[in-house]
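A.B. asks: PDB, C-alpha atoms, saved as data29.pdb, coming up:
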```pdb
ATOM      1  CA  MET V   1      -9.411 -49.279 -21.512  1.00  0.00           C
ATOM      2  CA  ASN V   2      -7.495 -50.377 -18.447  1.00  0.00           C
ATOM      3  CA  TYR V   3      -7.810 -47.985 -15.542  1.00  0.00           C
ATOM      4  CA  HIS V   4      -4.875 -47.572 -13.184  1.00  0.00           C
ATOM      5  CA  SER V   5      -6.479 -45.486 -10.458  1.00  0.00           C
ATOM      6  CA  LEU V   6      -9.804 -44.946  -8.697  1.00  0.00           C
ATOM      7  CA  ILE V   7     -10.458 -41.607  -6.967  1.00  0.00           C
ATOM      8  CA  VAL V   8     -13.440 -40.807  -4.740  1.00  0.00           C
ATOM      9  CA  ASN V   9     -14.517 -37.269  -3.885  1.00  0.00           C
ATOM     10  CA  GLY V  10     -17.394 -35.787  -1.933  1.00  0.00           C
ATOM     11  CA  CYS V  11     -18.500 -34.496   1.442  1.00  0.00           C
ATOM     12  CA  SER V  12     -18.485 -36.246   4.820  1.00  0.00           C
ATOM     13  CA  TYR V  13     -20.607 -39.130   3.511  1.00  0.00           C
ATOM     14  CA  MET V  14     -17.953 -40.064   0.955  1.00  0.00           C
ATOM     15  CA  GLU V  15     -15.192 -39.327   3.464  1.00  0.00           C
ATOM     16  CA  GLN V  16     -16.685 -41.915   5.841  1.00  0.00           C
ATOM     17  CA  TYR V  17     -16.996 -44.382   2.935  1.00  0.00           C
ATOM     18  CA  ALA V  18     -13.268 -43.903   2.283  1.00  0.00           C
ATOM     19  CA  LEU V  19     -12.331 -44.181   5.969  1.00  0.00           C
ATOM     20  CA  GLY V  20     -13.964 -47.608   5.910  1.00  0.00           C
ATOM     21  CA  ASN V  21     -11.843 -48.501   2.842  1.00  0.00           C
ATOM     22  CA  GLY V  22     -14.888 -48.753   0.600  1.00  0.00           C
ATOM     23  CA  HIS V  23     -12.944 -47.228  -2.276  1.00  0.00           C
ATOM     24  CA  VAL V  24     -10.149 -49.778  -1.805  1.00  0.00           C
ATOM     25  CA  ASP V  25     -12.676 -52.635  -1.941  1.00  0.00           C
ATOM     26  CA  LEU V  26     -14.333 -51.178  -5.051  1.00  0.00           C
ATOM     27  CA  ALA V  27     -10.979 -50.755  -6.805  1.00  0.00           C
ATOM     28  CA  THR V  28     -10.061 -54.351  -5.980  1.00  0.00           C
ATOM     29  CA  ARG V  29     -13.370 -55.646  -7.324  1.00  0.00           C
ATOM     30  CA  LEU V  30     -12.914 -53.640 -10.529  1.00  0.00           C
ATOM     31  CA  GLY V  31      -9.315 -54.774 -10.963  1.00  0.00           C
ATOM     32  CA  ILE V  32      -7.893 -51.277 -10.535  1.00  0.00           C
ATOM     33  CA  ASP V  33      -4.353 -50.986  -9.195  1.00  0.00           C
ATOM     34  CA  ALA V  34      -4.615 -47.954  -6.898  1.00  0.00           C
ATOM     35  CA  SER V  35      -7.283 -45.973  -5.095  1.00  0.00           C
ATOM     36  CA  ASP V  36      -7.345 -42.703  -3.182  1.00  0.00           C
ATOM     37  CA  SER V  37      -9.791 -40.285  -1.604  1.00  0.00           C
ATOM     38  CA  ILE V  38      -9.903 -36.521  -1.938  1.00  0.00           C
ATOM     39  CA  ALA V  39     -13.222 -36.296  -0.055  1.00  0.00           C
ATOM     40  CA  LEU V  40     -13.504 -33.698   2.692  1.00  0.00           C
ATOM     41  CA  GLY V  41     -16.245 -33.324   5.272  1.00  0.00           C
ATOM     42  CA  GLY V  42     -18.338 -30.154   4.950  1.00  0.00           C
ATOM     43  CA  SER V  43     -17.666 -29.794   1.219  1.00  0.00           C
ATOM     44  CA  CYS V  44     -20.129 -28.140  -1.127  1.00  0.00           C
ATOM     45  CA  ASN V  45     -20.739 -29.267  -4.700  1.00  0.00           C
ATOM     46  CA  SER V  46     -18.559 -26.456  -6.101  1.00  0.00           C
ATOM     47  CA  ARG V  47     -15.547 -27.722  -4.155  1.00  0.00           C
ATOM     48  CA  ILE V  48     -16.244 -31.321  -5.079  1.00  0.00           C
ATOM     49  CA  ILE V  49     -16.427 -30.561  -8.820  1.00  0.00           C
ATOM     50  CA  ARG V  50     -13.487 -28.120  -8.734  1.00  0.00           C
ATOM     51  CA  THR V  51     -11.106 -30.502  -6.944  1.00  0.00           C
ATOM     52  CA  THR V  52     -12.165 -33.454  -9.093  1.00  0.00           C
ATOM     53  CA  LEU V  53     -11.439 -31.471 -12.261  1.00  0.00           C
ATOM     54  CA  LYS V  54      -8.132 -30.209 -10.841  1.00  0.00           C
ATOM     55  CA  HIS V  55      -7.077 -33.780 -10.074  1.00  0.00           C
ATOM     56  CA  SER V  56      -8.128 -34.979 -13.536  1.00  0.00           C
ATOM     57  CA  TYR V  57      -6.034 -32.255 -15.204  1.00  0.00           C
ATOM     58  CA  GLN V  58      -2.952 -33.144 -13.138  1.00  0.00           C
ATOM     59  CA  THR V  59      -2.914 -36.922 -13.581  1.00  0.00           C
ATOM     60  CA  LYS V  60      -1.659 -38.745 -16.628  1.00  0.00           C
ATOM     61  CA  LYS V  61      -3.054 -42.135 -15.576  1.00  0.00           C
ATOM     62  CA  PRO V  62      -6.397 -43.456 -16.844  1.00  0.00           C
ATOM     63  CA  THR V  63      -8.606 -42.836 -13.782  1.00  0.00           C
ATOM     64  CA  VAL V  64     -12.140 -43.654 -12.662  1.00  0.00           C
ATOM     65  CA  TYR V  65     -13.772 -40.931 -10.550  1.00  0.00           C
ATOM     66  CA  ILE V  66     -16.598 -41.657  -8.101  1.00  0.00           C
ATOM     67  CA  ILE V  67     -18.289 -38.415  -7.083  1.00  0.00           C
ATOM     68  CA  GLY V  68     -20.691 -38.132  -4.172  1.00  0.00           C
ATOM     69  CA  LEU V  69     -22.578 -34.868  -4.531  1.00  0.00           C
ATOM     70  CA  THR V  70     -23.984 -33.183  -1.437  1.00  0.00           C
ATOM     71  CA  PHE V  71     -26.995 -31.029  -0.563  1.00  0.00           C
ATOM     72  CA  LEU V  72     -27.721 -28.171  -2.973  1.00  0.00           C
ATOM     73  CA  SER V  73     -28.033 -25.711  -0.097  1.00  0.00           C
ATOM     74  CA  ARG V  74     -24.340 -26.041   0.863  1.00  0.00           C
ATOM     75  CA  THR V  75     -22.220 -23.153  -0.345  1.00  0.00           C
ATOM     76  CA  GLU V  76     -18.617 -22.033  -0.076  1.00  0.00           C
ATOM     77  CA  LEU V  77     -17.641 -19.163   2.144  1.00  0.00           C
ATOM     78  CA  PRO V  78     -14.020 -18.097   1.689  1.00  0.00           C
ATOM     79  CA  VAL V  79     -12.550 -16.844   4.939  1.00  0.00           C
TER      80      VAL V  79
END
```
Here is a file; write its structure as structure tokens.
C.D. replies:
Amino acid sequence: MNYHSLIVNGCSYMEQYALGNGHVDLATRLGIDASDSIALGGSCNSRIIRTTLKHSYQTKKPTVYIIGLTFLSRTELPV
């Protein structure tokens, strides 16, 4: 299968990886056309999984997802 997109998601660790264009380099090495980051600093695992699934339901392109999980003690607090 030929993938057309690479998406990274996670907390601040993955966000910093993306700010350094690590996901762009990985996509290039894998021969993938496009790459993007939906990582957000301070994210808990629930947010990471939820937004990854939401993105996967909305895209029609074959996509590779790289997920950087965070500490188990992080939780969401809706305000």
A.B. asks: Do you know which residues are at most 9 Å from region 69-74 of chain V counting all atoms listed in the file, after dropping those on the same chain fewer than 4 positions away, and could you put them as a short mmCIF file (atom, residue, chain, number, x, y, z; two decimals) with C-alpha atoms, keeping the file's coordinate frame?
C.D. replies:
```cif
data_model
loop_
_atom_site.label_atom_id
_atom_site.label_comp_id
_atom_site.auth_asym_id
_atom_site.auth_seq_id
_atom_site.Cartn_x
_atom_site.Cartn_y
_atom_site.Cartn_z
CA ASN V 9 -14.52 -37.27 -3.88
CA GLY V 10 -17.39 -35.79 -1.93
CA CYS V 11 -18.50 -34.50 1.44
CA SER V 12 -18.48 -36.25 4.82
CA TYR V 13 -20.61 -39.13 3.51
CA MET V 14 -17.95 -40.06 0.96
CA GLY V 42 -18.34 -30.15 4.95
CA SER V 43 -17.67 -29.79 1.22
CA CYS V 44 -20.13 -28.14 -1.13
CA ASN V 45 -20.74 -29.27 -4.70
CA ILE V 48 -16.24 -31.32 -5.08
CA ILE V 49 -16.43 -30.56 -8.82
#
```
A.B. asks: Which residue out of V:Asp36, V:Asn2, V:His23, V:Ile67 has the minimum interatomic distance to Thr52 (chain V) when all atoms listed in the file are used?
C.D. replies: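 Smallest distance to Thr52 (chain V) is found for V:Ile67.
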A.B. asks: Determine the nearest neighbour of Glu15 (chain V) from the options V:Glu76, V:Gly68, V:Thr51, V:Thr59, counting all atoms listed in the file.
C.D. replies: V:Gly68
A.B. asks: Would you mind reading off the distance between CA of Ser56 (chain V) and CA of Ala34 (chain V), one decimal, in Å?
C.D. replies: 15.0 Å
A.B. asks: For Leu40 (chain V), which residue among V:Val64, V:Leu6, V:Ala18, V:Val79 is the nearest when counting only C-alpha atoms?
C.D. replies: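 Ranking V:Val64, V:Leu6, V:Ala18, V:Val79 by distance to Leu40 (chain V), first place goes to V:Ala18.
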A.B. asks: From the options V:His55, V:Thr75, V:Ile7, V:Pro62, which residue's atoms come nearest to Gly22 (chain V), counting only C-alpha atoms?
C.D. replies: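 Of V:His55, V:Thr75, V:Ile7, V:Pro62, the one nearest Gly22 (chain V) is V:Ile7, counting only C-alpha atoms.
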A.B. asks: Would you work out the distance separating CA of Ser46 (chain V) from CA of Gln58 (chain V), expressed in Å to one decimal?
C.D. replies: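 It comes out at 18.4 Å.
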A.B. asks: When you draw a straight line from CA of Ser5 (chain V) to CA of Arg47 (chain V), how long is it in Å?
C.D. replies: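 If I compute the distance from CA of Ser5 (chain V) to CA of Arg47 (chain V), I get 20.9 Å.
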A.B. asks: Go through V:Leu26, V:Ser37, V:Ile32, V:Pro78 and flag the residue nearest Lys61 (chain V), using only C-alpha atoms for the distances.
C.D. replies: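 Selected residue with least distance to Lys61 (chain V): V:Ile32.
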